[in-house]
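Visitor: For reference, the structure I am asking about is given below.
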Amino acid sequence: MDESVISRLNGALEGRYSVERQLGEGGMATVYLADDLRHERRVALKVLKPELAAVVGAERFLAEIRVTANLQHPNILPLFDSGEADTFLYYVMPYVEGETLRDRLLRDRQLPVDEAVRMAIEIAEALDHAHRQGVIHRDIKPANILLRDGRPVVADFGIALAVGAAGGARLTETGLSVGTPYYMSPEQATGDQHVGPQSDTYSLACVLYEMLVGDPPYQGSTAQAVLGKIIQGEVVSATRQRPAIPPHVDAAIRRALERLPADRFSGAQDFGRALADPSFRHGADAAAAAGASTGWRRVAVGAIAGMVVLAAGWAWTALGGDEAGVERQRITLGSGFTDNARFALALFTALSPDGSDIVFHDTIGGESLWWKQGDQADANRLDVNGFIPMFSPDGQWLAFFEEDDLRKQPVTGGASVALAEVIQPANSRPALAWLEDGTIIYEDRSFSLWRISEDGGEPRQLATEADVGRPLKAVGLPGGGAVLVVGCSLEDGAPSPCPPGRPVLSLVDLDTDTVHQLLDDVAGAWPGPDGHIVYTDVTGAVFAAPLDRDAGELGPPVPLMDGVVASVNASEMQVSRDGTLLYLRGESAETTGFWRLVWVNRSGVREPVDPESSGDDIVDVALSPDGRRVVARISRSPDAERLWVKQLPDGPLTPLTDGVIGAIRPTWSPDGSYVYYRGIEGGSNDARRIPADGSRTEAEVVATRDKGVYEVLPLNADDQLLIREGISLATERAADIVRVELGSEVTSTPVVVTPANEFA
């Protein structure tokens, strides 16, 4: 290392940067570690090679490199600064500790297939972002891909373009080239200075090929030999080299490496989509698969008790009065998911705009999002910990909440981007909508709606609780500019989210900042065809009505169907832009919004237990062995986890627990003298019991488990319990049922232990 160069640099950059040492050297620049004195941060200061700087010229290089300063993407290393000092042309980027992809390949040679494909998809997203800004990288290679916490970050973005554009024909005349031979596209290899996005995609395919196979697709003893093979364009199949590579990945690589740019993918994003699509084929393989059907029709799935139903094109067809072409299909998400994932479509599930895919939230292994593609039987976990997902209008991005952040992330993978800090509302189910005009609507702690650009920026308040109630759901109208909001109109002091208030459908006009209340007792609403609104009421009936947007009024409704699970808080249905309905069939809650106790005989006839009951939202219920008492958990603020006992048929409702310790899922002892339940205290779960006659409000802990107690059932003997344990995050074991024998030494025996989660 030439210490005199560092000394000259420090002299030329005095007061701005302090250069410590040389980090490395590439084909175009030498990289130094430096301190940014103004901002007190470590940076990578890159100095163009003297011979390159002489050909390019300072003024033109600095003018061209400014274009790259506006690139903002989580997988792109940003440009901090650039300039001329002494005889040096330099540019400054963040210093990323860790290794480059080249370092990783030198150590491991080949990467796991899933990891390599994931990184390629993330790099493709970065390329697509730059290409849409008119910036071509021109030098995609492993040495220019930094690995930050396992995620790829593309460095030197646009530097090769700036050098090439500034140097022009003089680069060719002096024998200098822009790009690295192993990863050059054929058009670069032939000296074409006017390369497009397909050239970067070609280079990325070369990098992915090397990550999978261990060598670039074209090799030779000299640069000229390599370039000759690239121009000939005869690449060996990656799957032939490594059989573990899936056919669709091999097909995507082969198409991206086509010799003619017109035969490749039109953009890097299309390359990323093909890598994520198991059905993708290219060339002869594509022709062989052309007869296969696509979308949901390809999936052979089993029914899950007639619950989740997908009706393709149903809403638009039914509105026209003809169901002849309607397809209905029961779908399943796969095994091991919680009830929230399977039966809470209103809150936890997003349906893609074309009706093909769903993304849903579950709590397995923490807050997680899962992607079920239309041509796959099982859902795959996305690399994100979030909830309440929402597709972008083009179906390429997901918005979601992660702790106190509103974030977005490409559906195909990649780092998420924080858009706004959002303190969650008390109901923990904030409304979220992504409009076609690039606006995202979200709800905050104060139950107000805010609007923010999909690219971030300063949010602006759209509506308050006084305008639309406490928002339960928000959906944008076509073209943007207006939002349908289902909000809960609360009575003073009422608990969240809705009872004993009523849900109201409102139209919020973003252009005029006006709010029109359209209809009461609406559980969910979506834009339909020809200016109609499709909505469900609180009984689960589905209607369509014409919307006069200017007047803020709905016309006469047309009934479409009924049988959708609904209540005053939600309608378990989603509607895509192409008219596909994803809905949960079943019986809805009473239109009062409360769950009531009823007797049901063997013919299915229901009778209220207490017709005079004022109606409390009863969640857990258990009948005493003699049938004379009911113990219940009533979801009534502030006693949402308190147990109550009711004397049947019309006796009083009296508290059993004090509400200090959470108490859920109660059961009776065989003789009716005790109520056992799952106690929640300080984040842990245990088995507790309390006298059923209310003589003592303090319960005793009778059993604990390492995985937590989630259900407890006393057996005939007082010293034996059946317990359902929780899910072990450490070992990824499912919930199991064990028998616990109490005494001086507690012992347990497995009863039902399977890969599935046992319940109830």
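By order of appearance in the structure tokens: chains A, B, ..., then residues from 1 within every chain, and ligands from 1 in the order shown.
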I'd like the contact shell of Leu227 in chain A - 8 Å cut-off, only C-alpha atoms, skipping same-chain residues fewer than 5 positions apart - returned as a ChimeraX atom specification.
Guide: /A:181-182,184,186,189
Visitor: Could you write out that same residue set with N, CA, C and O atoms as a tab-separated table (two decimals), in the first residue's frame?
Guide:
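New file selection06.tsv:
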chain	number	residue	atom	x	y	z
A	181	PRO	N	-15.39	-9.48	-17.29
A	181	PRO	CA	-15.67	-10.42	-18.39
A	181	PRO	C	-16.64	-11.55	-18.03
A	181	PRO	O	-17.55	-11.85	-18.81
A	182	TYR	N	-16.47	-12.20	-16.87
A	182	TYR	CA	-17.30	-13.35	-16.54
A	182	TYR	C	-18.79	-13.00	-16.46
A	182	TYR	O	-19.64	-13.88	-16.60
A	184	MET	N	-20.25	-10.15	-18.08
A	184	MET	CA	-20.67	-9.24	-19.15
A	184	MET	C	-21.77	-9.85	-19.99
A	184	MET	O	-21.76	-11.04	-20.29
A	186	PRO	N	-23.67	-10.20	-23.71
A	186	PRO	CA	-23.13	-10.22	-25.08
A	186	PRO	C	-23.00	-8.83	-25.68
A	186	PRO	O	-22.03	-8.56	-26.40
A	189	ALA	N	-19.96	-7.37	-24.30
A	189	ALA	CA	-18.78	-8.06	-24.83
A	189	ALA	C	-18.42	-7.59	-26.23
A	189	ALA	O	-17.25	-7.63	-26.62
Visitor: Give me the residues within 12 Å of Ser416 in chain A as a short mmCIF file (atom, residue, chain, number, x, y, z; two decimals) with N, CA, C and O atoms, in the first residue's frame, counting only C-alpha atoms and dropping any in the same chain fewer than 4 places off.
Guide:
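So the final result, stored in selection.cif, reads:
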data_model
loop_
_atom_site.label_atom_id
_atom_site.label_comp_id
_atom_site.auth_asym_id
_atom_site.auth_seq_id
_atom_site.Cartn_x
_atom_site.Cartn_y
_atom_site.Cartn_z
N HIS A 73 -33.02 2.49 -1.88
CA HIS A 73 -33.58 1.14 -1.83
C HIS A 73 -32.80 0.36 -0.78
O HIS A 73 -31.58 0.55 -0.64
N PRO A 74 -33.48 -0.50 -0.01
CA PRO A 74 -32.77 -1.23 1.06
C PRO A 74 -31.66 -2.14 0.56
O PRO A 74 -30.77 -2.49 1.34
N ASN A 75 -31.69 -2.53 -0.72
CA ASN A 75 -30.65 -3.41 -1.26
C ASN A 75 -29.67 -2.65 -2.16
O ASN A 75 -28.96 -3.27 -2.94
N GLU A 122 -33.80 -10.48 -4.27
CA GLU A 122 -33.62 -9.18 -3.64
C GLU A 122 -32.78 -8.25 -4.52
O GLU A 122 -33.06 -7.05 -4.64
N GLU A 125 -34.90 -6.91 -7.27
CA GLU A 125 -35.73 -5.78 -6.84
C GLU A 125 -34.93 -4.49 -6.85
O GLU A 125 -35.44 -3.42 -7.23
N ARG A 151 -28.04 -10.21 4.06
CA ARG A 151 -28.81 -9.61 2.98
C ARG A 151 -27.88 -8.95 1.98
O ARG A 151 -26.92 -8.28 2.36
N LEU A 382 -43.08 -16.06 4.92
CA LEU A 382 -42.30 -14.94 4.43
C LEU A 382 -41.30 -14.51 5.51
O LEU A 382 -41.54 -14.69 6.70
N ASP A 383 -40.20 -13.94 5.07
CA ASP A 383 -39.16 -13.52 6.00
C ASP A 383 -39.51 -12.16 6.59
O ASP A 383 -38.83 -11.16 6.37
N VAL A 384 -40.59 -12.14 7.35
CA VAL A 384 -41.02 -10.88 7.95
C VAL A 384 -41.87 -11.21 9.18
O VAL A 384 -42.62 -12.18 9.20
N ASN A 385 -41.69 -10.44 10.24
CA ASN A 385 -42.50 -10.57 11.44
C ASN A 385 -43.48 -9.40 11.48
O ASN A 385 -43.12 -8.30 11.89
N GLY A 386 -44.68 -9.64 11.03
CA GLY A 386 -45.65 -8.56 10.95
C GLY A 386 -47.06 -9.08 11.02
O GLY A 386 -47.31 -10.27 11.12
N TRP A 397 -46.12 -5.67 -3.84
CA TRP A 397 -45.63 -5.30 -2.51
C TRP A 397 -46.65 -5.67 -1.46
O TRP A 397 -47.84 -5.83 -1.75
N LEU A 398 -46.17 -5.80 -0.24
CA LEU A 398 -47.03 -5.97 0.92
C LEU A 398 -46.79 -4.82 1.89
O LEU A 398 -45.63 -4.47 2.17
N ALA A 399 -47.85 -4.23 2.40
CA ALA A 399 -47.75 -3.33 3.53
C ALA A 399 -48.22 -4.11 4.76
O ALA A 399 -49.07 -5.00 4.67
N PHE A 400 -47.65 -3.80 5.91
CA PHE A 400 -48.02 -4.50 7.14
C PHE A 400 -47.50 -3.69 8.33
O PHE A 400 -46.71 -2.74 8.17
N PHE A 401 -47.97 -4.07 9.50
CA PHE A 401 -47.48 -3.46 10.73
C PHE A 401 -46.48 -4.41 11.38
O PHE A 401 -46.69 -5.62 11.43
N GLU A 402 -45.39 -3.84 11.87
CA GLU A 402 -44.39 -4.61 12.62
C GLU A 402 -44.08 -3.82 13.88
O GLU A 402 -43.44 -2.76 13.83
N ASP A 405 -44.23 0.05 13.73
CA ASP A 405 -43.85 0.58 12.42
C ASP A 405 -44.84 0.13 11.35
O ASP A 405 -45.30 -1.02 11.37
N LEU A 406 -45.16 1.03 10.44
CA LEU A 406 -45.82 0.66 9.19
C LEU A 406 -44.71 0.43 8.18
O LEU A 406 -43.87 1.30 7.95
N ARG A 407 -44.69 -0.76 7.55
CA ARG A 407 -43.59 -1.12 6.67
C ARG A 407 -44.14 -1.68 5.37
O ARG A 407 -45.32 -2.04 5.26
N LYS A 408 -43.28 -1.76 4.36
CA LYS A 408 -43.63 -2.44 3.12
C LYS A 408 -42.45 -3.31 2.70
O LYS A 408 -41.30 -3.05 3.07
N GLN A 409 -42.76 -4.35 1.93
CA GLN A 409 -41.74 -5.29 1.48
C GLN A 409 -42.19 -5.94 0.18
O GLN A 409 -43.38 -6.23 0.02
N PRO A 410 -41.27 -6.19 -0.75
CA PRO A 410 -41.65 -6.91 -1.96
C PRO A 410 -42.22 -8.29 -1.62
O PRO A 410 -41.71 -8.97 -0.73
N VAL A 411 -43.25 -8.70 -2.33
CA VAL A 411 -43.85 -10.01 -2.09
C VAL A 411 -42.84 -11.12 -2.33
O VAL A 411 -42.83 -12.13 -1.63
N THR A 412 -41.96 -10.92 -3.30
CA THR A 412 -41.00 -11.96 -3.65
C THR A 412 -39.83 -12.02 -2.69
O THR A 412 -38.96 -12.87 -2.84
#
Visitor: What's the 9 Å shell around Ser673 in chain A, counting only C-alpha atoms, without same-chain residues fewer than 6 positions away, as a VMD selection string?
Guide: chain A and resid 690 to 693
Visitor: Which of these residues is nearest to Thr201 in chain A, using only C-alpha atoms: A:Asp139, A:Asp108, A:Glu51, A:Asp215?
Guide: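 Result for the nearest residue to Thr201 in chain A: A:Asp139.
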Visitor: Neighbours of Arg21 in chain A within 9 Å (only C-alpha atoms; same-chain residues fewer than 4 positions away dropped), as a list in words?
Guide: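 Everything that qualifies: Met1, Glu3, Ile6, Val31, Tyr32, Leu33 and Ala34 of chain A.
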Visitor: Could you jot down the CA of Leu581 in chain A to CA of Gly395 in chain A separation for me, Å, one decimal place?
Guide: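 These atoms are spaced 16.3 Å apart.
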Visitor: Residues of range 426-490 of chain A in alpha helix (DSSP H) according to DSSP, as a ChimeraX atom specification?
Guide: /A:465-468
Visitor: Keeping only all heavy atoms, write those residues as a compact mmCIF listing (two decimals), in the first residue's frame.
Guide:
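Writing done, so here's again.txt:
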# COMPACT_ATOMS: atom_id res chain seq x y z
N GLU A 465 -61.77 9.89 14.83
CA GLU A 465 -62.83 9.03 15.36
C GLU A 465 -64.18 9.74 15.30
O GLU A 465 -65.21 9.11 15.05
CB GLU A 465 -62.49 8.62 16.79
CG GLU A 465 -63.53 7.71 17.42
CD GLU A 465 -63.19 7.36 18.85
OE1 GLU A 465 -62.12 7.77 19.32
OE2 GLU A 465 -64.00 6.68 19.51
N ALA A 466 -64.17 11.04 15.49
CA ALA A 466 -65.42 11.80 15.41
C ALA A 466 -66.01 11.79 14.01
O ALA A 466 -67.23 11.92 13.83
CB ALA A 466 -65.18 13.24 15.86
N ASP A 467 -65.16 11.62 12.99
CA ASP A 467 -65.63 11.63 11.60
C ASP A 467 -66.20 10.29 11.17
O ASP A 467 -67.27 10.23 10.53
CB ASP A 467 -64.48 12.00 10.66
CG ASP A 467 -63.91 13.37 10.94
OD1 ASP A 467 -64.71 14.29 11.23
OD2 ASP A 467 -62.68 13.52 10.87
N VAL A 468 -65.49 9.19 11.48
CA VAL A 468 -65.86 7.88 10.93
C VAL A 468 -66.04 6.82 12.00
O VAL A 468 -66.28 5.65 11.68
CB VAL A 468 -64.80 7.40 9.91
CG1 VAL A 468 -64.75 8.32 8.71
CG2 VAL A 468 -63.42 7.28 10.57
Visitor: With only C-alpha atoms as the counted atoms, please give the residues lying no more than 12 Å from Leu656 in chain A, apart from itself and same-chain residues fewer than 4 positions off, as a ChimeraX atom specification.
Guide: /A:630-634,639,641-646,660-661,663-664,666,674-677,689-699
Visitor: What's the 7 Å shell around Leu101 in chain A, counting only C-alpha atoms, without same-chain residues fewer than 2 positions away, as a list of chain:residue names?
Guide: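 Residues meeting the cut-off are A:Glu99, A:Asp103, A:Arg104, A:Leu105, A:Pro142, A:Ala143, A:Ile145, A:Leu146, A:Leu147.
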Visitor: Taking the DSSP assignment computed from this structure's backbone, write out as a list in words all residues of range 18-73 of chain A that belong to strand (DSSP E or B).
Guide: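 So, restricting range 18-73 of chain A to strand (DSSP E or B), we get Ser18, Val19, Glu20, Arg21, Gln22, Leu23, Gly24, Glu25, Ala29, Thr30, Val31, Tyr32, Leu33, Ala34, Asp35, Asp36, Arg41, Arg42, Val43, Ala44, Leu45, Lys46, Val47 and Leu48 of chain A.
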Visitor: Go ahead and write the residues just picked, N, CA and C atoms, as an mmCIF file, in the first residue's frame.
Guide:
data_model
loop_
_atom_site.group_PDB
_atom_site.id
_atom_site.type_symbol
_atom_site.label_atom_id
_atom_site.label_comp_id
_atom_site.auth_asym_id
_atom_site.auth_seq_id
_atom_site.Cartn_x
_atom_site.Cartn_y
_atom_site.Cartn_z
ATOM 1 N N SER A 18 -10.927 11.743 6.901
ATOM 2 C CA SER A 18 -9.627 11.295 7.375
ATOM 3 C C SER A 18 -9.451 9.839 6.957
ATOM 4 N N VAL A 19 -8.554 9.584 6.002
ATOM 5 C CA VAL A 19 -8.360 8.241 5.455
ATOM 6 C C VAL A 19 -7.480 7.435 6.395
ATOM 7 N N GLU A 20 -7.939 6.225 6.778
ATOM 8 C CA GLU A 20 -7.184 5.370 7.690
ATOM 9 C C GLU A 20 -6.307 4.368 6.954
ATOM 10 N N ARG A 21 -6.901 3.605 6.060
ATOM 11 C CA ARG A 21 -6.140 2.546 5.396
ATOM 12 C C ARG A 21 -6.865 2.102 4.138
ATOM 13 N N GLN A 22 -6.129 1.366 3.301
ATOM 14 C CA GLN A 22 -6.706 0.815 2.077
ATOM 15 C C GLN A 22 -7.449 -0.471 2.407
ATOM 16 N N LEU A 23 -8.659 -0.603 1.869
ATOM 17 C CA LEU A 23 -9.468 -1.807 2.077
ATOM 18 C C LEU A 23 -9.347 -2.805 0.936
ATOM 19 N N GLY A 24 -9.191 -2.305 -0.284
ATOM 20 C CA GLY A 24 -9.140 -3.209 -1.424
ATOM 21 C C GLY A 24 -8.975 -2.436 -2.708
ATOM 22 N N GLU A 25 -8.923 -3.193 -3.809
ATOM 23 C CA GLU A 25 -8.709 -2.580 -5.108
ATOM 24 C C GLU A 25 -9.501 -3.340 -6.149
ATOM 25 N N ALA A 29 -11.521 1.276 -9.259
ATOM 26 C CA ALA A 29 -11.229 2.164 -8.136
ATOM 27 C C ALA A 29 -10.471 1.436 -7.041
ATOM 28 N N THR A 30 -9.796 2.224 -6.213
ATOM 29 C CA THR A 30 -9.170 1.738 -4.985
ATOM 30 C C THR A 30 -10.023 2.214 -3.818
ATOM 31 N N VAL A 31 -10.257 1.316 -2.869
ATOM 32 C CA VAL A 31 -11.188 1.589 -1.779
ATOM 33 C C VAL A 31 -10.404 1.830 -0.493
ATOM 34 N N TYR A 32 -10.769 2.903 0.218
ATOM 35 C CA TYR A 32 -10.129 3.253 1.480
ATOM 36 C C TYR A 32 -11.179 3.369 2.583
ATOM 37 N N LEU A 33 -10.770 2.983 3.803
ATOM 38 C CA LEU A 33 -11.598 3.213 4.979
ATOM 39 C C LEU A 33 -11.291 4.609 5.488
ATOM 40 N N ALA A 34 -12.339 5.412 5.714
ATOM 41 C CA ALA A 34 -12.141 6.787 6.134
ATOM 42 C C ALA A 34 -13.194 7.186 7.159
ATOM 43 N N ASP A 35 -12.881 8.251 7.912
ATOM 44 C CA ASP A 35 -13.840 8.845 8.840
ATOM 45 C C ASP A 35 -14.450 10.082 8.184
ATOM 46 N N ASP A 36 -15.780 10.130 8.173
ATOM 47 C CA ASP A 36 -16.494 11.320 7.721
ATOM 48 C C ASP A 36 -16.525 12.284 8.904
ATOM 49 N N ARG A 41 -18.973 9.426 11.119
ATOM 50 C CA ARG A 41 -19.305 8.062 10.708
ATOM 51 C C ARG A 41 -18.175 7.520 9.850
ATOM 52 N N ARG A 42 -18.082 6.206 9.784
ATOM 53 C CA ARG A 42 -17.073 5.551 8.958
ATOM 54 C C ARG A 42 -17.654 5.346 7.562
ATOM 55 N N VAL A 43 -16.833 5.588 6.564
ATOM 56 C CA VAL A 43 -17.295 5.493 5.181
ATOM 57 C C VAL A 43 -16.247 4.761 4.351
ATOM 58 N N ALA A 44 -16.691 4.314 3.192
ATOM 59 C CA ALA A 44 -15.788 3.750 2.184
ATOM 60 C C ALA A 44 -15.549 4.826 1.134
ATOM 61 N N LEU A 45 -14.328 5.291 1.044
ATOM 62 C CA LEU A 45 -13.958 6.328 0.084
ATOM 63 C C LEU A 45 -13.263 5.646 -1.093
ATOM 64 N N LYS A 46 -13.838 5.785 -2.280
ATOM 65 C CA LYS A 46 -13.335 5.095 -3.457
ATOM 66 C C LYS A 46 -12.735 6.108 -4.423
ATOM 67 N N VAL A 47 -11.523 5.821 -4.851
ATOM 68 C CA VAL A 47 -10.784 6.722 -5.730
ATOM 69 C C VAL A 47 -10.597 6.051 -7.082
ATOM 70 N N LEU A 48 -11.051 6.715 -8.149
ATOM 71 C CA LEU A 48 -10.897 6.163 -9.492
ATOM 72 C C LEU A 48 -9.424 5.952 -9.810
#
Visitor: For range 450-461 of chain A, work out the shell of residues within 10 Å, counting only C-alpha atoms and skipping chain neighbours fewer than 3 positions away, then give it as a ChimeraX atom specification.
Guide: /A:72,392,399,406-408,417-422,432-435,437-444,447,464,510
Visitor: Any idea what the distance is between CA of Pro261 in chain A and CA of Gly413 in chain A?
Guide: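 Atom-to-atom, CA of Pro261 in chain A and CA of Gly413 in chain A are spaced 25.6 Å apart.
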